[in-house]
file model-v8.pdb (PDB, C-alpha atoms and all ligand atoms)
ATOM      1  CA  MET A  10      -4.253  -9.826  -6.821
ATOM      2  CA  ASN A  11      -5.593 -12.910  -5.180
ATOM      3  CA  GLN A  12      -2.399 -14.959  -5.094
ATOM      4  CA  ALA A  13      -1.905 -14.585  -1.366
ATOM      5  CA  SER A  14       0.922 -17.077  -0.927
ATOM      6  CA  LEU A  15       2.868 -15.705  -3.879
ATOM      7  CA  TYR A  16       2.348 -12.136  -2.656
ATOM      8  CA  HIS A  17       3.530 -13.234   0.775
ATOM      9  CA  ARG A  18       6.985 -14.052  -0.627
ATOM     10  CA  ALA A  19       7.188 -11.580  -3.523
ATOM     11  CA  ASN A  20       6.453  -8.270  -1.813
ATOM     12  CA  GLN A  21      10.025  -7.096  -1.190
ATOM     13  CA  VAL A  22       9.388  -3.512  -2.377
ATOM     14  CA  GLN A  23       6.317  -3.146  -0.200
ATOM     15  CA  ARG A  24       8.140  -4.566   2.840
ATOM     16  CA  HIS A  25      11.166  -2.357   2.287
ATOM     17  CA  ASP A  26       9.061   0.832   2.049
ATOM     18  CA  ALA A  27       6.731   0.007   4.936
ATOM     19  CA  LYS A  28       9.679  -0.625   7.240
ATOM     20  CA  LEU A  29      11.371   2.662   6.333
ATOM     21  CA  ILE A  30       8.168   4.663   6.783
ATOM     22  CA  LEU A  31       7.297   3.034  10.098
ATOM     23  CA  ASP A  32      10.816   3.641  11.399
ATOM     24  CA  GLU A  33      10.274   7.330  10.717
ATOM     25  CA  TYR A  34       6.696   7.709  11.844
ATOM     26  CA  SER A  35       6.427   5.347  14.810
ATOM     27  CA  SER A  36       7.303   8.120  17.242
ATOM     28  CA  ILE A  37       4.826  10.530  15.613
ATOM     29  CA  LEU A  38       1.833   8.202  15.986
ATOM     30  CA  GLN A  39      -0.264   9.231  19.007
ATOM     31  CA  TRP A  40       0.161   6.152  21.204
ATOM     32  CA  ARG A  41      -2.261   5.989  24.122
ATOM     33  CA  SER A  42      -0.867   6.573  27.588
ATOM     34  CA  ASP A  43      -2.692   3.440  28.908
ATOM     35  CA  GLY A  44      -1.213   1.164  26.213
ATOM     36  CA  GLN A  45      -4.657  -0.006  25.076
ATOM     37  CA  ASP A  46      -4.352   1.051  21.460
ATOM     38  CA  SER A  47      -6.593  -0.336  18.757
ATOM     39  CA  LEU A  48      -5.354  -0.322  15.169
ATOM     40  CA  LEU A  49      -6.974  -1.133  11.847
ATOM     41  CA  ASP A  50      -4.907  -1.728   8.726
ATOM     42  CA  VAL A  51      -6.447  -1.134   5.300
ATOM     43  CA  GLY A  52      -5.530  -3.477   2.437
ATOM     44  CA  SER A  53      -3.405  -5.829   4.569
ATOM     45  CA  GLY A  54      -3.046  -8.395   1.782
ATOM     46  CA  SER A  55      -1.380 -11.560   3.067
ATOM     47  CA  GLY A  56      -0.730  -9.759   6.379
ATOM     48  CA  ASN A  57       3.051  -9.935   6.605
ATOM     49  CA  VAL A  58       3.725  -6.193   6.432
ATOM     50  CA  LEU A  59       1.195  -5.592   9.196
ATOM     51  CA  MET A  60       2.466  -8.390  11.420
ATOM     52  CA  ASP A  61       6.201  -7.965  10.774
ATOM     53  CA  PHE A  62       6.424  -4.183  10.992
ATOM     54  CA  VAL A  63       3.297  -2.659  12.594
ATOM     55  CA  TYR A  64       2.502  -5.301  15.210
ATOM     56  CA  PRO A  65       5.912  -4.990  16.962
ATOM     57  CA  LEU A  66       5.225  -1.267  17.502
ATOM     58  CA  LEU A  67       2.001  -1.913  19.413
ATOM     59  CA  PRO A  68       2.124  -1.917  23.197
ATOM     60  CA  LYS A  69       1.807  -5.439  24.686
ATOM     61  CA  SER A  70      -1.568  -4.476  26.175
ATOM     62  CA  TYR A  71      -3.063  -3.350  22.842
ATOM     63  CA  GLU A  72      -6.838  -3.664  22.702
ATOM     64  CA  GLN A  73      -7.295  -4.972  19.169
ATOM     65  CA  LEU A  74      -5.553  -5.307  15.836
ATOM     66  CA  VAL A  75      -7.731  -5.630  12.751
ATOM     67  CA  GLY A  76      -6.318  -6.325   9.303
ATOM     68  CA  THR A  77      -8.741  -5.688   6.454
ATOM     69  CA  ASP A  78      -8.778  -6.359   2.729
ATOM     70  CA  ILE A  79     -11.284  -6.322  -0.100
ATOM     71  CA  SER A  80     -10.143  -9.823  -1.092
ATOM     72  CA  SER A  81     -11.639 -12.681   0.901
ATOM     73  CA  LYS A  82      -8.774 -14.923  -0.274
ATOM     74  CA  MET A  83      -6.208 -12.552   1.245
ATOM     75  CA  VAL A  84      -8.232 -12.332   4.464
ATOM     76  CA  GLY A  85      -8.531 -16.135   4.689
ATOM     77  CA  TYR A  86      -4.806 -16.561   4.095
ATOM     78  CA  ALA A  87      -3.871 -13.936   6.719
ATOM     79  CA  ASN A  88      -6.273 -15.372   9.304
ATOM     80  CA  ASN A  89      -4.665 -18.774   8.794
ATOM     81  CA  CYS A  90      -1.114 -17.455   9.127
ATOM     82  CA  TYR A  91      -1.700 -15.282  12.162
ATOM     83  CA  GLN A  92      -4.413 -17.051  14.142
ATOM     84  CA  ARG A  93      -2.111 -17.543  17.123
ATOM     85  CA  TYR A  94      -1.929 -13.787  17.788
ATOM     86  CA  ALA A  95      -4.194 -12.574  20.589
ATOM     87  CA  ARG A  96      -6.843  -9.926  19.927
ATOM     88  CA  THR A  97      -5.925  -9.973  16.243
ATOM     89  CA  GLN A  98      -8.178 -10.751  13.308
ATOM     90  CA  PHE A  99      -8.469 -10.142   9.595
ATOM     91  CA  GLN A 100     -11.764  -9.278   7.943
ATOM     92  CA  VAL A 101     -13.112  -8.277   4.564
ATOM     93  CA  LEU A 102     -13.587  -4.546   4.035
ATOM     94  CA  ASP A 103     -13.730  -2.437   0.888
ATOM     95  CA  ILE A 104     -12.314   0.871   2.049
ATOM     96  CA  GLY A 105     -14.081   2.620  -0.840
ATOM     97  CA  CYS A 106     -17.485   1.309   0.253
ATOM     98  CA  GLU A 107     -20.479   3.615   0.560
ATOM     99  CA  ARG A 108     -21.284   2.648   4.148
ATOM    100  CA  LEU A 109     -18.926   1.282   6.748
ATOM    101  CA  PRO A 110     -20.145  -1.525   9.024
ATOM    102  CA  ASP A 111     -21.465   0.206  12.178
ATOM    103  CA  GLN A 112     -19.322  -1.929  14.493
ATOM    104  CA  LEU A 113     -16.141  -0.467  12.981
ATOM    105  CA  LYS A 114     -17.087   3.202  13.216
ATOM    106  CA  GLY A 115     -15.142   5.332  15.692
ATOM    107  CA  ARG A 116     -13.395   2.288  17.185
ATOM    108  CA  PHE A 117      -9.736   2.793  16.275
ATOM    109  CA  ASP A 118      -6.886   4.885  17.648
ATOM    110  CA  HIS A 119      -4.857   4.320  14.487
ATOM    111  CA  VAL A 120      -5.462   3.399  10.867
ATOM    112  CA  THR A 121      -2.514   2.335   8.743
ATOM    113  CA  SER A 122      -2.386   1.415   5.091
ATOM    114  CA  PHE A 123       0.532   0.393   2.907
ATOM    115  CA  TYR A 124       0.454  -0.035  -0.850
ATOM    116  CA  CYS A 125      -3.320  -0.182  -1.067
ATOM    117  CA  LEU A 126      -4.904   3.205  -1.764
ATOM    118  CA  HIS A 127      -3.608   3.370  -5.363
ATOM    119  CA  TRP A 128      -6.121   0.577  -6.022
ATOM    120  CA  VAL A 129      -9.025   2.735  -4.872
ATOM    121  CA  GLN A 130     -10.321   5.081  -7.565
ATOM    122  CA  ASN A 131     -12.632   6.901  -5.168
ATOM    123  CA  LEU A 132      -9.993   8.259  -2.791
ATOM    124  CA  SER A 133     -12.509  10.673  -1.341
ATOM    125  CA  ALA A 134     -14.744   7.829  -0.174
ATOM    126  CA  ALA A 135     -11.731   5.964   1.228
ATOM    127  CA  LEU A 136     -10.586   8.980   3.245
ATOM    128  CA  ASN A 137     -14.092   9.656   4.551
ATOM    129  CA  ASN A 138     -14.195   6.036   5.720
ATOM    130  CA  ILE A 139     -10.759   6.219   7.352
ATOM    131  CA  TYR A 140     -11.893   9.371   9.152
ATOM    132  CA  GLU A 141     -14.997   7.544  10.379
ATOM    133  CA  LEU A 142     -13.029   4.491  11.541
ATOM    134  CA  LEU A 143     -10.961   6.670  13.871
ATOM    135  CA  LYS A 144     -11.865   7.639  17.403
ATOM    136  CA  ASN A 145     -12.633  11.332  17.834
ATOM    137  CA  GLU A 146     -10.031  11.668  20.566
ATOM    138  CA  GLY A 147      -6.487  11.097  19.415
ATOM    139  CA  GLY A 148      -7.249   9.104  16.258
ATOM    140  CA  ASP A 149      -4.545   9.242  13.592
ATOM    141  CA  CYS A 150      -3.607   7.552  10.335
ATOM    142  CA  LEU A 151      -0.468   6.703   8.396
ATOM    143  CA  LEU A 152      -1.023   6.005   4.714
ATOM    144  CA  ALA A 153       1.485   5.110   2.008
ATOM    145  CA  PHE A 154       0.663   4.277  -1.579
ATOM    146  CA  LEU A 155       1.869   4.719  -5.151
ATOM    147  CA  ALA A 156       1.352   8.064  -6.818
ATOM    148  CA  THR A 157       3.127   6.908  -9.972
ATOM    149  CA  ASN A 158       4.886   3.766 -11.133
ATOM    150  CA  PRO A 159       6.238   2.666 -14.547
ATOM    151  CA  VAL A 160       4.070  -0.452 -14.278
ATOM    152  CA  TYR A 161       1.070   1.713 -15.219
ATOM    153  CA  GLU A 162       2.717   2.680 -18.495
ATOM    154  CA  VAL A 163       3.518  -1.000 -19.131
ATOM    155  CA  TYR A 164      -0.165  -1.862 -18.579
ATOM    156  CA  LYS A 165      -1.192   0.840 -21.054
ATOM    157  CA  VAL A 166       1.126  -0.502 -23.753
ATOM    158  CA  LEU A 167      -0.021  -4.111 -23.203
ATOM    159  CA  HIS A 168      -3.628  -2.983 -23.298
ATOM    160  CA  LYS A 169      -3.052  -1.814 -26.898
ATOM    161  CA  ASN A 170      -1.694  -5.232 -27.866
ATOM    162  CA  ALA A 171      -4.465  -7.199 -29.637
ATOM    163  CA  LYS A 172      -3.438 -10.350 -27.734
ATOM    164  CA  TRP A 173      -4.249  -8.808 -24.351
ATOM    165  CA  ALA A 174      -6.728  -6.003 -25.099
ATOM    166  CA  ALA A 175      -9.798  -8.085 -24.248
ATOM    167  CA  TYR A 176      -8.471  -8.761 -20.754
ATOM    168  CA  MET A 177      -7.442  -5.179 -20.088
ATOM    169  CA  GLN A 178     -10.363  -3.059 -21.253
ATOM    170  CA  ASP A 179     -10.733  -1.456 -17.821
ATOM    171  CA  VAL A 180      -6.997  -0.737 -17.513
ATOM    172  CA  GLU A 181      -7.635   2.798 -16.173
ATOM    173  CA  GLN A 182      -9.344   1.298 -13.107
ATOM    174  CA  PHE A 183      -5.995  -0.160 -12.081
ATOM    175  CA  ILE A 184      -3.931   2.997 -12.454
ATOM    176  CA  SER A 185      -3.335   5.084  -9.344
ATOM    177  CA  PRO A 186      -5.853   7.946  -9.154
ATOM    178  CA  LEU A 187      -2.864  10.265  -8.605
ATOM    179  CA  HIS A 188      -0.819   8.964 -11.569
ATOM    180  CA  TYR A 189      -1.921  11.831 -13.830
ATOM    181  CA  SER A 190      -1.814  14.528 -11.166
ATOM    182  CA  SER A 191       0.802  17.261 -11.643
ATOM    183  CA  ASP A 192       0.950  17.782  -7.868
ATOM    184  CA  PRO A 193      -0.102  14.584  -6.046
ATOM    185  CA  ALA A 194       0.825  15.957  -2.599
ATOM    186  CA  GLN A 195      -1.349  19.028  -3.042
ATOM    187  CA  LYS A 196      -4.232  16.924  -4.408
ATOM    188  CA  PHE A 197      -4.082  14.447  -1.513
ATOM    189  CA  THR A 198      -3.776  17.250   1.058
ATOM    190  CA  GLN A 199      -6.965  18.734  -0.373
ATOM    191  CA  LEU A 200      -8.730  15.360  -0.101
ATOM    192  CA  LEU A 201      -7.610  15.020   3.540
ATOM    193  CA  ASP A 202      -8.938  18.530   4.200
ATOM    194  CA  GLU A 203     -12.278  17.683   2.628
ATOM    195  CA  ALA A 204     -12.549  14.511   4.730
ATOM    196  CA  GLY A 205     -12.161  16.665   7.853
ATOM    197  CA  PHE A 206      -8.616  15.858   8.990
ATOM    198  CA  HIS A 207      -7.023  18.659  10.993
ATOM    199  CA  PHE A 208      -3.335  17.995  11.079
ATOM    200  CA  LYS A 209      -1.720  16.667   7.967
ATOM    201  CA  ASN A 210       1.704  15.939   6.638
ATOM    202  CA  VAL A 211       1.875  14.790   3.037
ATOM    203  CA  GLU A 212       5.039  14.049   1.133
ATOM    204  CA  VAL A 213       5.869  12.440  -2.174
ATOM    205  CA  ARG A 214       9.065  10.403  -2.209
ATOM    206  CA  SER A 215      10.940   9.550  -5.382
ATOM    207  CA  GLU A 216      12.299   6.032  -5.064
ATOM    208  CA  VAL A 217      13.947   3.459  -7.287
ATOM    209  CA  PHE A 218      13.674  -0.275  -6.724
ATOM    210  CA  VAL A 219      15.928  -2.663  -8.601
ATOM    211  CA  TYR A 220      14.633  -6.145  -9.417
ATOM    212  CA  GLU A 221      17.450  -8.655  -9.581
ATOM    213  CA  GLY A 222      16.731 -10.904 -12.513
ATOM    214  CA  VAL A 223      13.782 -11.711 -14.746
ATOM    215  CA  HIS A 224      12.359 -14.252 -12.295
ATOM    216  CA  THR A 225      12.157 -11.763  -9.442
ATOM    217  CA  LEU A 226      10.386  -9.225 -11.636
ATOM    218  CA  LYS A 227       8.026 -11.853 -13.050
ATOM    219  CA  ASP A 228       7.183 -13.105  -9.549
ATOM    220  CA  ASN A 229       6.318  -9.584  -8.452
ATOM    221  CA  VAL A 230       4.157  -9.080 -11.550
ATOM    222  CA  LYS A 231       2.426 -12.424 -10.925
ATOM    223  CA  ALA A 232       1.711 -11.355  -7.360
ATOM    224  CA  ILE A 233       0.269  -7.930  -8.121
ATOM    225  CA  CYS A 234      -0.908  -7.824 -11.751
ATOM    226  CA  PRO A 235      -4.716  -7.609 -11.672
ATOM    227  CA  PHE A 236      -5.110  -8.904 -15.245
ATOM    228  CA  LEU A 237      -3.451 -12.308 -14.890
ATOM    229  CA  ASP A 238      -6.480 -13.796 -13.130
ATOM    230  CA  ARG A 239      -8.469 -13.171 -16.300
ATOM    231  CA  ILE A 240      -5.929 -14.613 -18.722
ATOM    232  CA  PRO A 241      -5.907 -18.391 -19.320
ATOM    233  CA  VAL A 242      -3.089 -19.988 -17.323
ATOM    234  CA  ALA A 243      -1.586 -21.429 -20.517
ATOM    235  CA  GLN A 244      -0.914 -17.859 -21.705
ATOM    236  CA  HIS A 245       0.548 -16.493 -18.469
ATOM    237  CA  GLU A 246       4.164 -17.044 -19.473
ATOM    238  CA  GLU A 247       3.573 -15.330 -22.819
ATOM    239  CA  PHE A 248       1.975 -12.353 -21.060
ATOM    240  CA  LEU A 249       4.909 -12.116 -18.650
ATOM    241  CA  ASP A 250       7.400 -12.297 -21.540
ATOM    242  CA  ASP A 251       5.538  -9.474 -23.304
ATOM    243  CA  PHE A 252       5.565  -7.532 -20.020
ATOM    244  CA  ILE A 253       9.366  -7.883 -19.824
ATOM    245  CA  ASP A 254       9.727  -6.837 -23.498
ATOM    246  CA  VAL A 255       7.802  -3.617 -22.772
ATOM    247  CA  VAL A 256       9.933  -2.958 -19.681
ATOM    248  CA  ILE A 257      13.069  -3.334 -21.843
ATOM    249  CA  SER A 258      11.624  -1.054 -24.549
ATOM    250  CA  MET A 259      11.059   1.589 -21.863
ATOM    251  CA  ASN A 260      14.783   1.510 -20.997
ATOM    252  CA  LEU A 261      14.097   0.173 -17.525
ATOM    253  CA  GLN A 262      16.699  -2.528 -17.917
ATOM    254  CA  GLU A 263      19.999  -1.899 -16.162
ATOM    255  CA  ASP A 264      23.371  -2.884 -17.546
ATOM    256  CA  GLN A 265      23.779  -6.623 -17.547
ATOM    257  CA  GLN A 266      25.906  -8.128 -14.813
ATOM    258  CA  CYS A 267      27.703 -11.417 -14.644
ATOM    259  CA  ASP A 268      26.240 -13.832 -12.120
ATOM    260  CA  VAL A 269      29.369 -15.676 -11.049
ATOM    261  CA  ASP A 270      27.492 -18.464  -9.275
ATOM    262  CA  LYS A 271      25.542 -19.517 -12.292
ATOM    263  CA  ASP A 272      28.084 -18.278 -14.790
ATOM    264  CA  GLN A 273      25.347 -16.605 -16.753
ATOM    265  CA  LEU A 274      24.121 -13.123 -17.431
ATOM    266  CA  GLN A 275      21.730 -11.697 -14.856
ATOM    267  CA  GLN A 276      19.385  -8.910 -15.910
ATOM    268  CA  ARG A 277      18.434  -6.126 -13.521
ATOM    269  CA  PHE A 278      15.361  -3.945 -13.902
ATOM    270  CA  LYS A 279      14.898  -0.557 -12.325
ATOM    271  CA  SER A 280      11.557   0.798 -11.284
ATOM    272  CA  PRO A 281      11.554   4.537 -10.517
ATOM    273  CA  TYR A 282       8.332   5.335  -8.675
ATOM    274  CA  LYS A 283       6.752   7.996  -6.499
ATOM    275  CA  LEU A 284       5.362   7.007  -3.146
ATOM    276  CA  LEU A 285       2.892   9.249  -1.371
ATOM    277  CA  VAL A 286       3.235   9.142   2.408
ATOM    278  CA  ALA A 287       0.589  10.883   4.485
ATOM    279  CA  TYR A 288       0.133  11.239   8.196
ATOM    280  CA  ALA A 289      -3.059  12.855   9.503
ATOM    281  CA  ARG A 290      -4.902  13.362  12.768
ATOM    282  CA  LYS A 291      -8.613  13.504  13.269
ATOM    283  CA  SER A 292      -8.593  16.116  15.986
ATOM    284  CA  SER A 293      -6.607  19.320  16.294
ATOM    285  CA  ASP A 294      -6.562  19.160  20.120
ATOM    286  CA  LEU A 295      -3.006  17.988  20.357
ATOM    287  CA  LEU A 296      -1.546  20.398  17.849
ATOM    288  CA  ASP A 297       0.778  21.926  20.395
ATOM    289  CA  ASN A 298       2.195  18.504  21.313
ATOM    290  CA  VAL A 299       2.628  17.725  17.645
ATOM    291  CA  LEU A 300       4.578  20.873  16.988
ATOM    292  CA  SER A 301       6.969  20.105  19.811
ATOM    293  CA  GLU A 302       7.345  16.474  18.629
ATOM    294  CA  MET A 303       8.082  17.701  15.148
ATOM    295  CA  SER A 304      10.847  19.938  16.301
ATOM    296  CA  SER A 305      12.486  17.002  18.083
ATOM    297  CA  THR A 306      12.148  14.472  15.239
ATOM    298  CA  ARG A 307      12.796  14.474  11.509
ATOM    299  CA  SER A 308      11.500  17.770  10.128
ATOM    300  CA  PHE A 309       8.283  17.388   8.167
ATOM    301  CA  LYS A 310       8.256  18.733   4.653
ATOM    302  CA  GLY A 311       4.761  20.167   4.526
ATOM    303  CA  VAL A 312       2.445  20.689   7.428
ATOM    304  CA  THR A 313      -0.897  22.261   6.689
TER
HETATM  305  C1  LIG A 401      -0.162  -4.547  -2.873
HETATM  306  S1  LIG A 401      -1.228  -5.230  -1.651
HETATM  307  C2  LIG A 401      -0.554  -4.534  -0.181
HETATM  308  C3  LIG A 401      -0.636  -5.488   0.965
HETATM  309  C4  LIG A 401       0.089  -5.039   2.220
HETATM  310  N1  LIG A 401      -0.496  -3.840   2.789
HETATM  311  C5  LIG A 401       1.550  -4.817   1.964
HETATM  312  O1  LIG A 401       2.038  -3.689   2.132
HETATM  313  O2  LIG A 401       2.234  -5.786   1.572
HETATM  314  C6  LIG A 401      -2.704  -4.287  -1.866
HETATM  315  C7  LIG A 401      -3.900  -4.906  -1.192
HETATM  316  O3  LIG A 401      -4.969  -3.953  -1.232
HETATM  317  C8  LIG A 401      -6.158  -4.679  -1.393
HETATM  318  N2  LIG A 401      -7.211  -3.766  -1.880
HETATM  319  C9  LIG A 401      -7.407  -3.315  -3.131
HETATM  320  N3  LIG A 401      -8.480  -2.511  -3.170
HETATM  321  C10 LIG A 401      -8.970  -2.445  -1.905
HETATM  322  C11 LIG A 401     -10.081  -1.800  -1.306
HETATM  323  N4  LIG A 401     -10.923  -1.052  -2.040
HETATM  324  N5  LIG A 401     -10.290  -1.959   0.014
HETATM  325  C12 LIG A 401      -9.445  -2.741   0.750
HETATM  326  N6  LIG A 401      -8.391  -3.406   0.239
HETATM  327  C13 LIG A 401      -8.154  -3.257  -1.083
HETATM  328  C14 LIG A 401      -5.801  -5.791  -2.360
HETATM  329  O4  LIG A 401      -6.710  -6.872  -2.306
HETATM  330  C15 LIG A 401      -4.400  -6.154  -1.866
HETATM  331  O5  LIG A 401      -4.432  -7.231  -0.960
END

call {"tool": "encode", "arguments": {"input": "model-v8.pdb", "output": "structure tokens", "more": "lines below"}}
Ligand SMILES: C[S@@+](CC[C@H](N)C(=O)[O-])C[C@H]1O[C@@H](n2cnc3c(N)ncnc32)[C@H](O)[C@@H]1O
result
Amino acid sequence: MNQASLYHRANQVQRHDAKLILDEYSSILQWRSDGQDSLLDVGSGSGNVLMDFVYPLLPKSYEQLVGTDISSKMVGYANNCYQRYARTQFQVLDIGCERLPDQLKGRFDHVTSFYCLHWVQNLSAALNNIYELLKNEGGDCLLAFLATNPVYEVYKVLHKNAKWAAYMQDVEQFISPLHYSSDPAQKFTQLLDEAGFHFKNVEVRSEVFVYEGVHTLKDNVKAICPFLDRIPVAQHEEFLDDFIDVVISMNLQEDQQCDVDKDQLQQRFKSPYKLLVAYARKSSDLLDNVLSEMSSTRSFKGVT
């Protein structure tokens, strides 16, 4: 997933979900009373979700905004796009790493992450690192990522196809670590507990996204499919056609509709997926405040 510019324009699902989640959780985040918040985003990709939806929530006097990603290409792209923003930078970080850089430890009031943690097989390590990134006083995190998605089943079918098997031997590495879990919310709550978080709200949302037309779906696949980089460019179109054939065989194609503008049939593809949304605080000091906030905002589904 190194195609930063393509991702930048093909991430409609991710943008849609991040906006909805931030609308709901922005008043729950523990903003500092002095307005000097520092925030680190994990897996920022090309940076547009962070800068379009998280940045506007920060107080004008924020201390620092750090976007991070395992991909140096994504980080380079984001730094280029957003260099004019004050006290803002993007840097390479593998959130599953064994040891965080010392200069990042305990520095952040907030950690956010959208559509990244399903890429990290060692969720335990990622959560330990997020815990360590946060300040002891008032640090909190908002994390959203895929628990399940039909794309994983498509990958598994393509991986059995002799044409693509050689490029997809490690397919399981690219399937969300919660995809096979019978109770992803319970599993993730346990991981948050083990990392040391005190206040947690974990929910799993069932969503459906509809891709309008083959080109839109193919663009999204091109932007996020981890196997394309390994496949010779000359075979990309064939891989994408096979991808669409599998999607159709899985009955993910919606009824065809007439596109009046082009006077041709337009295919629609539905993607029913489960999104895990977790909010957690490092310290339990403010539990009383939290409980009163909760009663005045949208009621949380599971507080442990
Ligand atoms: C689907 S993109 C999401 C980008 C952005 N947050 C958004 O919502 O549009 C996932 C990003 O996570 C990054 N990523 C994958 N594994 C990671 C890891 N271990 N640590 C940090 N970033 C990672 C990928 O490079 C990619 O840019």

call {"tool": "resolve_selection", "arguments": {"input": "model-v8.pdb", "expression": "the PyMOL selection byres (((not hetatm)) within 6 of (chain A and resi 401))", "output": "MDAnalysis selection string"}}
result
chainID A and resid 10 20 23 51:54 58 78:80 102:105 123:125 128:129

call {"tool": "resolve_selection", "arguments": {"input": "model-v8.pdb", "expression": "the PyMOL selection byres (((chain A and resi 30) around 12) and not hetatm)", "output": "number ranges by chain"}}
result
A: 23-29, 31-38, 58, 62-63, 121-124, 151-154, 212, 214, 284-288, 307

call {"tool": "closest_residue", "arguments": {"input": "model-v8.pdb", "among": "A:Ser42, A:Ser81, A:Gln130, A:Asn89", "to": "Asn57 of chain A", "atoms": "only C-alpha atoms"}}
result
A:Asn89

call {"tool": "resolve_selection", "arguments": {"input": "model-v8.pdb", "expression": "the PyMOL selection byres (((chain A and resi 216) around 8) and not hetatm)", "output": "ChimeraX atom specification"}}
result
/A:214-215,217-218,281-284

call {"tool": "residues_around", "arguments": {"input": "model-v8.pdb", "residues": "Val120 of chain A", "least_positions_apart": "6", "cutoff": "9 Å", "atoms": "all atoms listed in the file", "output": "ChimeraX atom specification"}}
result
/A:47-51,139-140,142-143,148-152

call {"tool": "residues_around", "arguments": {"input": "model-v8.pdb", "residues": "Arg277 of chain A", "least_positions_apart": "3", "cutoff": "6 Å", "atoms": "only C-alpha atoms", "output": "ChimeraX atom specification"}}
result
/A:220-222,262-263

call {"tool": "residues_around", "arguments": {"input": "model-v8.pdb", "residues": "His17 of chain A", "least_positions_apart": "2", "cutoff": "12 Å", "atoms": "only C-alpha atoms", "output": "number ranges by chain"}}
result
A: 10-15, 19-24, 53-61, 83, 86-87, 90, 228-229, 231-233

call {"tool": "axis_aligned_box", "arguments": {"input": "model-v8.pdb", "around": "segment 182-199 of chain A", "padding_each_side": "4 Å", "output": "lines of an AutoDock Vina configuration file"}}
result
center_x = -4.2
center_y = 9.4
center_z = -6.4
size_x = 18.3
size_y = 27.2
size_z = 22.9

call {"tool": "closest_residue", "arguments": {"input": "model-v8.pdb", "among": "A:Leu113, A:Asn88, A:Cys106, A:Phe183", "to": "Asn158 of chain A", "atoms": "only C-alpha atoms"}}
result
A:Phe183

call {"tool": "atom_distance", "arguments": {"input": "model-v8.pdb", "atom1": "atom CA of Tyr71 of chain A", "atom2": "atom CA of His207 of chain A"}}
result
25.3 Å

call {"tool": "closest_residue", "arguments": {"input": "model-v8.pdb", "among": "A:Leu109, A:Val223, A:Leu261, A:Ala171", "to": "Gln276 of chain A", "atoms": "only C-alpha atoms"}}
result
A:Val223

call {"tool": "atom_distance", "arguments": {"input": "model-v8.pdb", "atom1": "atom CA of Leu226 of chain A", "atom2": "atom CA of Met259 of chain A"}}
result
14.9 Å

call {"tool": "closest_residue", "arguments": {"input": "model-v8.pdb", "among": "A:Trp40, A:Phe236, A:Tyr161, A:Phe208", "to": "Ser293 of chain A", "atoms": "all atoms listed in the file"}}
result
A:Phe208

call {"tool": "residues_near_point", "arguments": {"input": "model-v8.pdb", "point": "(9.4, -6.0, -25.3)", "cutoff": "12 Å", "atoms": "all atoms listed in the file", "output": "PyMOL selection string"}}
result
chain A and resi 163+166-167+170+247-262

call {"tool": "atom_distance", "arguments": {"input": "model-v8.pdb", "atom1": "atom CA of His127 of chain A", "atom2": "atom CA of Gln199 of chain A"}}
result
16.5 Å

call {"tool": "residues_near_point", "arguments": {"input": "model-v8.pdb", "point": "(-9.8, 0.9, -16.5)", "cutoff": "12 Å", "atoms": "all atoms listed in the file", "output": "ChimeraX atom specification"}}
result
/A:128-130,161,164-165,168,174-186,235-236

call {"tool": "write_last_selection", "arguments": {"input": "model-v8.pdb", "atoms": "C-alpha atoms", "output": "short mmCIF file (atom, residue, chain, number, x, y, z; two decimals), keeping the file's coordinate frame"}}
result
data_model
loop_
_atom_site.label_atom_id
_atom_site.label_comp_id
_atom_site.auth_asym_id
_atom_site.auth_seq_id
_atom_site.Cartn_x
_atom_site.Cartn_y
_atom_site.Cartn_z
CA TRP A 128 -6.12 0.58 -6.02
CA VAL A 129 -9.02 2.74 -4.87
CA GLN A 130 -10.32 5.08 -7.56
CA TYR A 161 1.07 1.71 -15.22
CA TYR A 164 -0.16 -1.86 -18.58
CA LYS A 165 -1.19 0.84 -21.05
CA HIS A 168 -3.63 -2.98 -23.30
CA ALA A 174 -6.73 -6.00 -25.10
CA ALA A 175 -9.80 -8.09 -24.25
CA TYR A 176 -8.47 -8.76 -20.75
CA MET A 177 -7.44 -5.18 -20.09
CA GLN A 178 -10.36 -3.06 -21.25
CA ASP A 179 -10.73 -1.46 -17.82
CA VAL A 180 -7.00 -0.74 -17.51
CA GLU A 181 -7.64 2.80 -16.17
CA GLN A 182 -9.34 1.30 -13.11
CA PHE A 183 -6.00 -0.16 -12.08
CA ILE A 184 -3.93 3.00 -12.45
CA SER A 185 -3.34 5.08 -9.34
CA PRO A 186 -5.85 7.95 -9.15
CA PRO A 235 -4.72 -7.61 -11.67
CA PHE A 236 -5.11 -8.90 -15.24
#

call {"tool": "closest_residue", "arguments": {"input": "model-v8.pdb", "among": "A:Ala156, A:Asn137, A:Cys234, A:Glu162", "to": "Ala204 of chain A", "atoms": "only C-alpha atoms"}}
result
A:Asn137

call {"tool": "closest_residue", "arguments": {"input": "model-v8.pdb", "among": "A:Gly147, A:Tyr94, A:Lys172, A:Thr157", "to": "Pro241 of chain A", "atoms": "all atoms listed in the file"}}
result
A:Lys172

call {"tool": "residues_around", "arguments": {"input": "model-v8.pdb", "residues": "Gly44 of chain A", "least_positions_apart": "4", "cutoff": "10 Å", "atoms": "only C-alpha atoms", "output": "tab-separated table (two decimals) with C-alpha atoms, keeping the file's coordinate frame"}}
result
chain	number	residue	atom	x	y	z
A	40	TRP	CA	0.16	6.15	21.20
A	67	LEU	CA	2.00	-1.91	19.41
A	68	PRO	CA	2.12	-1.92	23.20
A	69	LYS	CA	1.81	-5.44	24.69
A	70	SER	CA	-1.57	-4.48	26.18
A	71	TYR	CA	-3.06	-3.35	22.84
A	72	GLU	CA	-6.84	-3.66	22.70
